[in-house]
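Undergrad: I'm passing along input_27.txt; it holds compact mmCIF, C-alpha atoms and all ligand atoms.
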# COMPACT_ATOMS: atom_id res chain seq x y z
CA MET X 1 168.97 -29.05 28.31
CA ASN X 2 169.69 -27.19 31.50
CA LYS X 3 171.23 -23.81 30.71
CA PHE X 4 173.99 -24.29 33.25
CA ILE X 5 175.10 -27.64 31.78
CA ARG X 6 175.02 -26.14 28.32
CA HIS X 7 177.39 -23.41 29.46
CA ILE X 8 179.77 -25.92 30.99
CA ILE X 9 179.85 -27.94 27.79
CA PHE X 10 180.46 -24.80 25.79
CA PHE X 11 183.41 -23.67 27.93
CA LEU X 12 184.80 -27.19 28.06
CA GLY X 13 184.79 -27.09 24.30
CA ILE X 14 186.75 -23.87 24.28
CA PHE X 15 189.35 -25.19 26.68
CA LEU X 16 189.71 -28.49 24.91
CA CYS X 17 190.58 -26.68 21.77
CA LEU X 18 194.05 -25.47 22.73
CA GLY X 19 194.77 -21.86 22.03
CA PHE X 20 191.25 -20.90 23.07
CA VAL X 21 189.85 -21.11 19.55
CA ILE X 22 186.13 -21.51 19.70
CA VAL X 23 185.32 -25.08 18.72
CA LYS X 24 181.77 -24.54 17.71
CA ASN X 25 181.99 -25.02 13.96
CA LYS X 26 180.04 -22.70 11.76
CA ALA X 27 177.07 -24.50 10.28
CA LEU X 28 176.64 -24.16 6.54
CA LEU X 29 173.30 -23.51 4.96
CA PHE X 30 172.46 -25.37 1.80
CA GLU X 31 170.48 -22.85 -0.18
CA TYR X 32 168.52 -23.17 -3.40
CA PRO X 33 165.56 -21.42 -5.02
CA GLU X 34 162.01 -22.21 -3.91
CA TYR X 35 160.93 -23.32 -7.36
CA TRP X 36 163.57 -26.08 -7.45
CA PRO X 37 162.79 -29.65 -6.50
CA LYS X 38 164.22 -31.04 -3.26
CA PRO X 39 167.80 -32.29 -3.55
CA GLU X 40 168.32 -36.04 -3.87
CA TYR X 41 171.48 -36.10 -1.80
CA ASN X 42 171.22 -37.48 1.72
CA PHE X 43 172.93 -34.80 3.78
CA SER X 44 172.96 -36.79 7.01
CA LYS X 45 176.52 -37.99 6.36
CA LEU X 46 178.01 -34.55 5.92
CA SER X 47 178.76 -32.34 8.87
CA MET X 48 177.86 -29.28 6.71
CA THR X 49 180.23 -26.86 8.35
CA GLU X 50 182.25 -23.99 6.97
CA GLU X 51 185.44 -25.67 8.22
CA GLU X 52 184.75 -28.87 6.32
CA PHE X 53 183.86 -26.91 3.19
CA GLN X 54 187.21 -25.08 3.44
CA LEU X 55 189.09 -28.34 3.96
CA GLY X 56 187.40 -29.78 0.88
CA ARG X 57 188.21 -26.64 -1.07
CA HIS X 58 191.92 -26.92 -0.21
CA LEU X 59 191.92 -30.57 -1.23
CA PHE X 60 190.09 -29.86 -4.49
CA TYR X 61 192.77 -27.37 -5.54
CA ASP X 62 195.73 -29.43 -4.31
CA PRO X 63 197.93 -31.40 -6.76
CA LEU X 64 199.06 -33.44 -3.78
CA LEU X 65 196.13 -35.69 -4.62
CA SER X 66 198.00 -37.06 -7.66
CA ARG X 67 200.93 -39.49 -7.68
CA ASP X 68 203.50 -36.98 -8.91
CA ASN X 69 201.85 -33.96 -7.26
CA THR X 70 201.08 -32.27 -10.58
CA ILE X 71 197.34 -32.67 -11.11
CA SER X 72 194.56 -31.39 -8.88
CA CYS X 73 190.83 -31.86 -9.30
CA ALA X 74 190.78 -28.27 -10.54
CA SER X 75 193.21 -29.12 -13.36
CA CYS X 76 190.27 -30.75 -15.14
CA HIS X 77 187.48 -28.83 -13.43
CA LEU X 78 188.09 -25.08 -13.79
CA GLN X 79 185.69 -22.74 -12.08
CA ALA X 80 185.44 -20.09 -14.82
CA THR X 81 184.29 -22.74 -17.29
CA GLY X 82 181.64 -24.32 -15.07
CA PHE X 83 184.19 -26.63 -13.44
CA THR X 84 185.05 -28.41 -16.64
CA HIS X 85 188.19 -28.53 -18.76
CA VAL X 86 187.72 -26.06 -21.53
CA ASP X 87 189.44 -26.63 -24.90
CA HIS X 88 190.30 -30.24 -24.14
CA ASP X 89 188.17 -32.82 -25.86
CA LEU X 90 189.49 -35.71 -23.77
CA SER X 91 190.75 -35.25 -20.24
CA HIS X 92 194.48 -34.86 -19.56
CA GLY X 93 195.92 -36.48 -16.48
CA ILE X 94 199.39 -36.96 -15.03
CA GLU X 95 202.39 -37.19 -17.37
CA GLY X 96 200.15 -35.91 -20.16
CA ARG X 97 198.13 -39.14 -20.22
CA ILE X 98 194.90 -38.83 -22.13
CA GLY X 99 191.63 -40.22 -20.87
CA THR X 100 188.70 -41.43 -22.88
CA ARG X 101 186.10 -38.82 -21.99
CA ASN X 102 185.51 -35.10 -21.89
CA SER X 103 185.54 -33.65 -18.40
CA ILE X 104 181.97 -33.01 -17.28
CA SER X 105 180.89 -29.77 -15.62
CA ILE X 106 180.39 -29.87 -11.86
CA MET X 107 177.39 -28.04 -10.47
CA ASN X 108 174.13 -28.72 -8.66
CA LEU X 109 175.38 -32.21 -7.85
CA ALA X 110 173.00 -32.66 -4.92
CA TRP X 111 170.19 -33.14 -7.45
CA ASN X 112 172.05 -35.93 -9.24
CA THR X 113 171.40 -39.56 -8.55
CA SER X 114 174.25 -40.89 -10.67
CA PHE X 115 177.57 -39.47 -11.75
CA MET X 116 179.85 -39.71 -14.79
CA TRP X 117 178.72 -39.80 -18.41
CA ASP X 118 177.56 -43.39 -18.02
CA GLY X 119 176.30 -43.13 -14.43
CA GLY X 120 179.03 -45.54 -13.33
CA VAL X 121 179.13 -43.99 -9.86
CA ASN X 122 176.02 -43.55 -7.75
CA HIS X 123 177.38 -42.11 -4.52
CA LEU X 124 178.94 -38.70 -4.43
CA GLU X 125 181.13 -39.61 -1.44
CA VAL X 126 182.96 -42.27 -3.42
CA GLN X 127 182.98 -40.36 -6.71
CA ALA X 128 186.28 -38.58 -5.93
CA LEU X 129 187.99 -41.92 -5.62
CA ALA X 130 187.48 -42.61 -9.34
CA PRO X 131 189.81 -39.84 -10.65
CA ILE X 132 192.28 -40.43 -7.80
CA ILE X 133 192.89 -44.06 -8.67
CA SER X 134 192.45 -43.71 -12.43
CA GLU X 135 195.78 -44.33 -14.19
CA ASN X 136 195.04 -41.66 -16.77
CA GLU X 137 193.98 -39.05 -14.25
CA MET X 138 195.72 -38.86 -10.86
CA ASP X 139 197.13 -42.42 -10.59
CA GLU X 140 197.34 -42.28 -6.80
CA SER X 141 196.01 -44.34 -3.89
CA LEU X 142 193.92 -43.03 -1.04
CA ALA X 143 196.35 -44.57 1.47
CA ASN X 144 199.24 -42.64 -0.05
CA ILE X 145 197.27 -39.40 -0.03
CA VAL X 146 196.53 -39.93 3.65
CA GLU X 147 200.28 -40.34 4.28
CA LYS X 148 201.04 -37.13 2.40
CA LEU X 149 198.33 -35.25 4.29
CA LYS X 150 199.61 -36.55 7.62
CA ASN X 151 202.99 -35.04 6.85
CA SER X 152 201.50 -31.65 6.12
CA LYS X 153 201.18 -29.14 8.95
CA LYS X 154 198.60 -27.23 6.96
CA TYR X 155 196.30 -30.24 6.62
CA LYS X 156 196.76 -31.39 10.19
CA SER X 157 195.48 -28.02 11.24
CA LEU X 158 192.63 -28.02 8.70
CA PHE X 159 191.52 -31.51 9.76
CA TYR X 160 191.73 -30.41 13.38
CA LYS X 161 189.40 -27.51 12.70
CA VAL X 162 186.78 -29.88 11.31
CA HIS X 163 187.04 -32.88 13.60
CA GLN X 164 188.76 -31.49 16.70
CA ASP X 165 191.46 -34.08 16.17
CA SER X 166 194.17 -34.09 13.56
CA LEU X 167 193.75 -37.74 12.59
CA VAL X 168 193.66 -37.85 8.81
CA THR X 169 191.70 -40.71 7.25
CA GLY X 170 190.69 -41.59 3.73
CA GLN X 171 187.01 -41.39 4.58
CA LYS X 172 187.35 -37.91 6.07
CA THR X 173 189.26 -36.82 2.97
CA LEU X 174 186.53 -38.04 0.61
CA LEU X 175 183.79 -36.51 2.75
CA ALA X 176 185.54 -33.13 2.76
CA LEU X 177 185.82 -33.22 -1.05
CA THR X 178 182.12 -34.08 -1.19
CA GLN X 179 181.31 -31.19 1.12
CA PHE X 180 183.04 -28.81 -1.25
CA VAL X 181 181.61 -30.08 -4.54
CA VAL X 182 178.07 -30.43 -3.19
CA MET X 183 178.03 -26.69 -2.45
CA LEU X 184 178.81 -25.73 -6.05
CA ASN X 185 175.33 -24.60 -6.88
CA SER X 186 174.43 -22.42 -9.81
CA TYR X 187 171.03 -20.69 -9.77
CA ASN X 188 171.67 -17.03 -10.55
CA SER X 189 171.66 -16.95 -14.33
CA LYS X 190 169.59 -14.47 -16.29
CA TYR X 191 167.14 -17.33 -16.88
CA ASP X 192 166.69 -17.68 -13.08
CA GLN X 193 166.22 -13.95 -12.74
CA TYR X 194 163.61 -14.12 -15.50
CA ILE X 195 161.77 -16.94 -13.73
CA ARG X 196 161.96 -15.01 -10.45
CA ASN X 197 160.77 -11.81 -12.14
CA GLU X 198 163.82 -9.97 -10.89
CA LEU X 199 165.13 -6.68 -12.13
CA GLY X 200 167.68 -7.34 -14.87
CA GLY X 201 166.03 -10.63 -15.74
CA GLU X 202 163.76 -9.23 -18.46
CA PHE X 203 164.05 -11.37 -21.59
CA THR X 204 164.34 -9.79 -25.03
CA GLU X 205 161.93 -10.97 -27.74
CA GLN X 206 164.75 -13.09 -29.12
CA GLU X 207 165.44 -14.76 -25.76
CA LYS X 208 161.72 -15.42 -25.25
CA ASN X 209 161.49 -16.95 -28.68
CA GLY X 210 164.59 -19.05 -27.95
CA LEU X 211 163.01 -20.30 -24.72
CA THR X 212 159.89 -21.37 -26.62
CA ILE X 213 162.00 -23.23 -29.19
CA PHE X 214 163.93 -24.81 -26.35
CA ARG X 215 160.77 -25.90 -24.56
CA ASN X 216 159.39 -27.41 -27.76
CA ASN X 217 162.49 -29.34 -28.77
CA CYS X 218 164.98 -29.78 -25.97
CA ALA X 219 163.33 -29.47 -22.56
CA SER X 220 161.95 -33.01 -22.53
CA CYS X 221 165.50 -34.17 -21.83
CA HIS X 222 167.17 -30.98 -20.60
CA LYS X 223 164.37 -30.39 -18.13
CA GLU X 224 163.96 -27.08 -16.32
CA PRO X 225 165.03 -25.81 -13.82
CA LEU X 226 168.12 -28.08 -13.61
CA PHE X 227 168.24 -28.60 -17.37
CA THR X 228 168.60 -32.33 -17.05
CA SER X 229 166.09 -35.16 -16.74
CA LYS X 230 168.79 -37.11 -14.84
CA ASN X 231 168.42 -40.13 -17.08
CA PHE X 232 170.39 -41.67 -19.91
CA LYS X 233 169.56 -41.16 -23.56
CA ASN X 234 171.00 -41.78 -26.98
CA ASN X 235 170.91 -38.36 -28.63
CA GLY X 236 171.98 -39.68 -32.02
CA LEU X 237 175.75 -39.15 -32.01
CA SER X 238 177.69 -41.42 -34.35
CA VAL X 239 180.02 -43.90 -32.63
CA ASP X 240 183.62 -42.77 -32.49
CA SER X 241 185.43 -45.75 -33.94
CA THR X 242 188.62 -45.18 -31.93
CA LEU X 243 187.00 -44.70 -28.54
CA ASN X 244 184.18 -47.21 -29.08
CA ASP X 245 182.37 -45.80 -26.08
CA PHE X 246 178.94 -47.37 -25.63
CA GLY X 247 178.07 -45.35 -22.55
CA ARG X 248 175.48 -46.67 -20.15
CA MET X 249 175.77 -50.19 -21.55
CA ILE X 250 179.25 -50.46 -20.00
CA VAL X 251 177.61 -50.17 -16.58
CA THR X 252 174.38 -52.13 -17.03
CA ARG X 253 175.62 -54.61 -19.68
CA LYS X 254 172.22 -54.33 -21.34
CA HIS X 255 171.99 -53.87 -25.10
CA GLN X 256 169.09 -51.49 -24.73
CA ASP X 257 171.48 -49.06 -22.99
CA SER X 258 173.94 -48.99 -25.87
CA LEU X 259 175.05 -45.44 -26.77
CA LYS X 260 173.05 -43.86 -23.97
CA PHE X 261 174.78 -41.15 -21.98
CA LYS X 262 173.76 -39.02 -19.07
CA VAL X 263 171.67 -36.01 -20.09
CA PRO X 264 174.02 -33.24 -18.95
CA THR X 265 172.85 -29.97 -17.47
CA LEU X 266 172.97 -27.01 -19.85
CA ARG X 267 173.62 -24.46 -17.15
CA ASN X 268 176.69 -22.34 -18.00
CA ILE X 269 176.86 -24.16 -21.33
CA GLN X 270 178.24 -21.03 -23.04
CA PHE X 271 181.61 -21.69 -21.38
CA THR X 272 181.90 -25.46 -21.08
CA GLN X 273 183.08 -26.29 -24.60
CA PRO X 274 183.93 -28.66 -26.14
CA TYR X 275 180.65 -30.53 -25.95
CA MET X 276 179.41 -34.12 -25.55
CA HIS X 277 181.02 -37.06 -23.72
CA ASP X 278 183.98 -37.04 -26.11
CA GLY X 279 184.16 -33.30 -26.67
CA ARG X 280 183.46 -33.71 -30.39
CA PHE X 281 181.75 -30.34 -30.91
CA GLU X 282 183.63 -27.09 -30.43
CA THR X 283 180.70 -24.71 -30.61
CA LEU X 284 177.03 -24.52 -29.68
CA GLN X 285 176.22 -23.88 -33.35
CA GLU X 286 177.67 -27.32 -34.14
CA VAL X 287 175.57 -28.84 -31.34
CA ILE X 288 172.38 -27.26 -32.67
CA ASN X 289 173.24 -28.41 -36.19
CA HIS X 290 173.71 -31.91 -34.83
CA TYR X 291 170.14 -31.88 -33.51
CA THR X 292 168.69 -30.50 -36.75
CA SER X 293 170.69 -32.45 -39.29
CA GLY X 294 173.19 -34.85 -37.71
CA VAL X 295 171.08 -37.24 -35.65
CA GLN X 296 172.03 -40.85 -36.46
CA HIS X 297 169.24 -43.38 -36.32
CA SER X 298 169.96 -46.58 -34.43
CA ALA X 299 168.06 -49.10 -32.32
CA THR X 300 168.43 -47.10 -29.11
CA LEU X 301 167.88 -43.57 -30.47
CA ALA X 302 165.66 -41.59 -28.08
CA ASN X 303 162.00 -41.35 -29.14
CA GLU X 304 162.15 -37.59 -28.72
CA LEU X 305 164.65 -37.39 -31.59
CA LYS X 306 163.08 -39.82 -34.04
CA GLU X 307 161.19 -37.04 -35.78
CA PRO X 308 163.56 -34.46 -37.26
CA ILE X 309 163.88 -31.11 -35.50
CA ILE X 310 163.41 -28.44 -38.13
CA LEU X 311 164.66 -24.94 -37.35
CA THR X 312 165.21 -21.93 -39.58
CA HIS X 313 168.48 -20.02 -39.38
CA LYS X 314 166.78 -17.33 -37.27
CA GLU X 315 165.33 -19.93 -34.90
CA LYS X 316 168.76 -21.48 -34.43
CA VAL X 317 170.18 -18.08 -33.51
CA ASP X 318 167.32 -17.43 -31.08
CA LEU X 319 167.90 -20.81 -29.44
CA LEU X 320 171.59 -20.03 -29.09
CA VAL X 321 170.80 -16.64 -27.56
CA PHE X 322 168.51 -18.36 -25.07
CA LEU X 323 171.22 -20.89 -24.12
CA ARG X 324 173.45 -17.97 -23.20
CA THR X 325 170.91 -16.84 -20.60
CA LEU X 326 171.92 -19.94 -18.62
CA THR X 327 175.28 -18.36 -17.83
CA ASP X 328 175.65 -17.59 -14.15
CA LYS X 329 178.60 -15.24 -13.66
CA LYS X 330 178.00 -15.07 -9.91
CA PHE X 331 178.74 -18.80 -9.82
CA LEU X 332 181.64 -18.78 -12.28
CA TYR X 333 183.39 -15.98 -10.39
CA ASN X 334 182.23 -16.71 -6.85
CA LYS X 335 185.35 -16.24 -4.71
CA ARG X 336 184.18 -18.87 -2.22
CA PHE X 337 184.64 -21.53 -4.87
CA SER X 338 187.98 -20.31 -6.20
CA TYR X 339 191.55 -21.35 -5.41
CA PRO X 340 192.03 -20.79 -1.67
CA ARG X 341 194.60 -18.01 -1.56
CA GLU X 342 194.37 -17.05 2.06
CA THR X 343 197.10 -18.63 4.15
CA THR X 344 196.01 -21.05 6.81
CA SER X 345 197.84 -21.48 10.06
CA ASN X 346 201.26 -22.94 9.16
C1 LIG X 401 192.39 -35.78 -15.54
C2 LIG X 401 191.17 -35.03 -15.45
C3 LIG X 401 190.33 -35.13 -14.21
C4 LIG X 401 190.72 -35.00 -12.90
C5 LIG X 401 192.11 -34.81 -12.35
C6 LIG X 401 189.51 -35.06 -12.11
N1 LIG X 401 188.41 -35.23 -12.91
FE1 LIG X 401 186.49 -35.27 -12.31
N2 LIG X 401 185.93 -35.85 -14.17
C7 LIG X 401 186.78 -35.94 -15.26
C8 LIG X 401 186.09 -36.61 -16.35
C9 LIG X 401 186.68 -36.94 -17.73
C10 LIG X 401 184.79 -36.92 -15.87
C11 LIG X 401 183.74 -37.73 -16.60
C12 LIG X 401 184.18 -39.18 -16.42
C13 LIG X 401 183.33 -40.23 -17.05
O1 LIG X 401 182.21 -39.99 -17.46
O2 LIG X 401 183.81 -41.38 -17.14
C14 LIG X 401 184.74 -36.41 -14.50
C15 LIG X 401 183.61 -36.48 -13.67
C16 LIG X 401 183.54 -35.91 -12.41
C17 LIG X 401 182.33 -35.79 -11.62
C18 LIG X 401 180.95 -36.24 -12.03
C19 LIG X 401 180.03 -35.10 -12.33
C20 LIG X 401 178.69 -35.52 -12.84
O3 LIG X 401 177.81 -34.66 -12.92
O4 LIG X 401 178.48 -36.70 -13.18
C21 LIG X 401 182.68 -35.20 -10.43
C22 LIG X 401 181.77 -34.85 -9.26
C23 LIG X 401 184.11 -34.98 -10.46
N3 LIG X 401 184.60 -35.41 -11.69
C24 LIG X 401 184.86 -34.48 -9.42
C25 LIG X 401 186.24 -34.59 -9.36
C26 LIG X 401 187.03 -34.46 -8.16
C27 LIG X 401 186.48 -34.18 -6.76
C28 LIG X 401 188.33 -34.63 -8.52
C29 LIG X 401 189.56 -34.65 -7.65
C30 LIG X 401 189.62 -35.69 -6.64
C31 LIG X 401 188.34 -34.84 -9.98
N4 LIG X 401 187.06 -34.84 -10.44
C32 LIG X 401 189.49 -35.00 -10.73
C33 LIG X 401 188.08 -35.50 -15.33
C34 LIG X 401 188.87 -35.29 -14.20
C1 LIG X 402 166.52 -37.29 -26.18
C2 LIG X 402 167.01 -36.41 -25.19
C3 LIG X 402 167.65 -35.12 -25.66
C4 LIG X 402 167.08 -34.10 -26.38
C5 LIG X 402 165.65 -34.01 -26.93
C6 LIG X 402 168.09 -33.08 -26.48
N1 LIG X 402 169.23 -33.48 -25.86
FE1 LIG X 402 170.93 -32.41 -25.68
N2 LIG X 402 171.86 -34.01 -24.86
C7 LIG X 402 171.27 -35.23 -24.57
C8 LIG X 402 172.28 -36.18 -24.15
C9 LIG X 402 172.05 -37.61 -23.75
C10 LIG X 402 173.50 -35.50 -24.21
C11 LIG X 402 174.90 -36.08 -23.93
C12 LIG X 402 175.27 -36.95 -25.10
C13 LIG X 402 176.69 -37.42 -25.13
O1 LIG X 402 177.58 -36.72 -24.70
O2 LIG X 402 176.89 -38.52 -25.64
C14 LIG X 402 173.20 -34.13 -24.64
C15 LIG X 402 174.15 -33.15 -24.79
C16 LIG X 402 173.86 -31.84 -25.14
C17 LIG X 402 174.81 -30.76 -25.12
C18 LIG X 402 176.28 -30.87 -24.71
C19 LIG X 402 176.41 -30.70 -23.22
C20 LIG X 402 177.81 -30.88 -22.69
O3 LIG X 402 178.01 -30.58 -21.50
O4 LIG X 402 178.70 -31.33 -23.40
C21 LIG X 402 174.14 -29.63 -25.51
C22 LIG X 402 174.72 -28.24 -25.62
C23 LIG X 402 172.78 -30.01 -25.78
N3 LIG X 402 172.65 -31.37 -25.55
C24 LIG X 402 171.80 -29.15 -26.21
C25 LIG X 402 170.55 -29.57 -26.64
C26 LIG X 402 169.64 -28.72 -27.37
C27 LIG X 402 169.87 -27.28 -27.73
C28 LIG X 402 168.54 -29.51 -27.66
C29 LIG X 402 167.33 -29.14 -28.45
C30 LIG X 402 167.57 -28.76 -29.82
C31 LIG X 402 168.78 -30.82 -27.09
N4 LIG X 402 170.02 -30.82 -26.50
C32 LIG X 402 167.90 -31.88 -27.13
C33 LIG X 402 169.93 -35.51 -24.68
C34 LIG X 402 169.00 -34.73 -25.36
Show this structure as structure tokens.
Ligand code: HEC
Ligand code: HEC

TA:
Amino acid sequence: MNKFIRHIIFFLGIFLCLGFVIVKNKALLFEYPEYWPKPEYNFSKLSMTEEEFQLGRHLFYDPLLSRDNTISCASCHLQATGFTHVDHDLSHGIEGRIGTRNSISIMNLAWNTSFMWDGGVNHLEVQALAPIISENEMDESLANIVEKLKNSKKYKSLFYKVHQDSLVTGQKTLLALTQFVVMLNSYNSKYDQYIRNELGGEFTEQEKNGLTIFRNNCASCHKEPLFTSKNFKNNGLSVDSTLNDFGRMIVTRKHQDSLKFKVPTLRNIQFTQPYMHDGRFETLQEVINHYTSGVQHSATLANELKEPIILTHKEKVDLLVFLRTLTDKKFLYNKRFSYPRETTSN
């Protein structure tokens, strides 16, 4: 493009944006380590700007998204615990209503092809709608949220910064939430430093031994480097007779999917307790004991777990010590992802 025309467009942009704020939005880089596979998410729909990320961040932390303005996304997805709800086996929504599943951690979502424990949602942009309209979670409608946002000076200004107009729509709201959650990437654990041969990433003998045990028994499903194979498996949990949750079968209606659940990532697993889709295990020791002595045989049990996993007490401890190397404090305490304290205009 002719340099002169480019200048005109640039200045026009500045003048259009009243108050002489520069309109050119800051582009966001989506970064991840070289040894990771390419993300699955199609980024063409997102504008990938700092402004949209900040809008999404405000929305994520705002209880305005629920019918009685008490529950935000962050109520069930707390940063310091890997964006899950620690200490709650089943999720708690508005008016203390209890859901049927344990909140799942949110991280590295761009590598996911399906969401929720049963994969019931396959597009990240519509995922946020599920908790919003769920009676047991936020019990709100998108149309109502749009009305509330339209009445807020703060949001009018935040939407303006992203779109250069303050028209609030449901689609823009969902996209902004997507923009925020898709940036929640965790790749700076001690394990990553070890793989990258970085200073501070040296593994002890115990951690190395734990990694070997992990690779021999767990990594077929919790596949490195994302620690998930992205598919659905029955890992031998007994059926909870009150919840009667058959997992993937609810979505596909196929018997061969009975009791299969999404293989969750194990990143930051040290802090995401309780564990499993219904939060039945409080500790990682209990989880490891499940794999060595609690696996229930049934028609859909994963092949990988048909033979018993035998581990000595020392091996169990080593495995546990290895799992702790997946903790990424830089992610859990990254201020960019935390509650937005800074005041915005108005
Ligand atoms: C009342 C608690 C609660 C609230 C509020 C809530 N969530 Fe969740 N979230 C959950 C539970 C429980 C699951 C797992 C649901 C399932 O498997 O059926 C989940 C799943 C997810 C997932 C899927 C992650 C994956 O890897 O599959 C994402 C993303 C997510 N929530 C984002 C959000 C956003 C964005 C909001 C706000 C609009 C929100 N959540 C509000 C409890 C909650
Ligand atoms: C056959 C595949 C498979 C193998 C092998 C496997 N897992 Fe899992 N793992 C799963 C599935 C599926 C879930 C989720 C099950 C559910 O919630 O119903 C899970 C859940 C977990 C959880 C809970 C995660 C959370 O966010 O709640 C931990 C921890 C875990 N596995 C650790 C391990 C360890 C350690 C090993 C090796 C001893 C192992 N897994 C082997 C499939 C597997």

Undergrad: Find the axis-aligned box for ligand LIG 401 (chain X), covering all its listed atoms and adding 4 Å on each side, and write its centre and edge lengths in Å to one decimal as JSON.

TA:
{"center_x": 185.1, "center_y": -37.8, "center_z": -12.2, "size_x": 22.6, "size_y": 15.2, "size_z": 19.1}

Undergrad: Dump the neighbourhood of ligand LIG 401 (chain X) as a PyMOL selection string: all residues within 8 Å, distances computed on only C-alpha atoms and all ligand atoms.

TA: chain X and resi 59-60+65-66+71-77+84-85+90-94+98-107+109+112+114-120+124+127-132+136-138+177-178+181+262+264+277

Undergrad: Hey, what's within 8 Å of X:Pro340 if we count all atoms listed in the file and toss same-chain stuff fewer than 4 positions away? As a PyMOL selection string, please?

TA: chain X and resi 57-58+61

Undergrad: Which polymer residues, protein or nucleic acid, are no farther than 12 Å from (173.9, -31.1, -6.0), counting all atoms listed in the file, as a VMD selection string?

TA: chain X and resid 30 to 32 36 to 43 105 to 115 123 to 124 178 to 187 226 230 265

Undergrad: Kindly provide, as a PyMOL selection string, all nucleotide and amino acid residues lying within 6 Å of ligand LIG 402 (chain X), counting all atoms listed in the file.

TA: chain X and resi 214+217-218+220-221+232-235+261-264+275-277+284+287-288+291+302+304-305

Undergrad: Export, as a tab-separated table (two decimals), keeping the file's coordinate frame, the selected residues with C-alpha atoms.

TA:
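As written to disk, again-v5.tsv reads:
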chain	number	residue	atom	x	y	z
X	214	PHE	CA	163.93	-24.81	-26.35
X	217	ASN	CA	162.49	-29.34	-28.77
X	218	CYS	CA	164.98	-29.78	-25.97
X	220	SER	CA	161.95	-33.01	-22.53
X	221	CYS	CA	165.50	-34.17	-21.83
X	232	PHE	CA	170.39	-41.67	-19.91
X	233	LYS	CA	169.56	-41.16	-23.56
X	234	ASN	CA	171.00	-41.78	-26.98
X	235	ASN	CA	170.91	-38.36	-28.63
X	261	PHE	CA	174.78	-41.15	-21.98
X	262	LYS	CA	173.76	-39.02	-19.07
X	263	VAL	CA	171.67	-36.01	-20.09
X	264	PRO	CA	174.02	-33.24	-18.95
X	275	TYR	CA	180.65	-30.53	-25.95
X	276	MET	CA	179.41	-34.12	-25.55
X	277	HIS	CA	181.02	-37.06	-23.72
X	284	LEU	CA	177.03	-24.52	-29.68
X	287	VAL	CA	175.57	-28.84	-31.34
X	288	ILE	CA	172.38	-27.26	-32.67
X	291	TYR	CA	170.14	-31.88	-33.51
X	302	ALA	CA	165.66	-41.59	-28.08
X	304	GLU	CA	162.15	-37.59	-28.72
X	305	LEU	CA	164.65	-37.39	-31.59
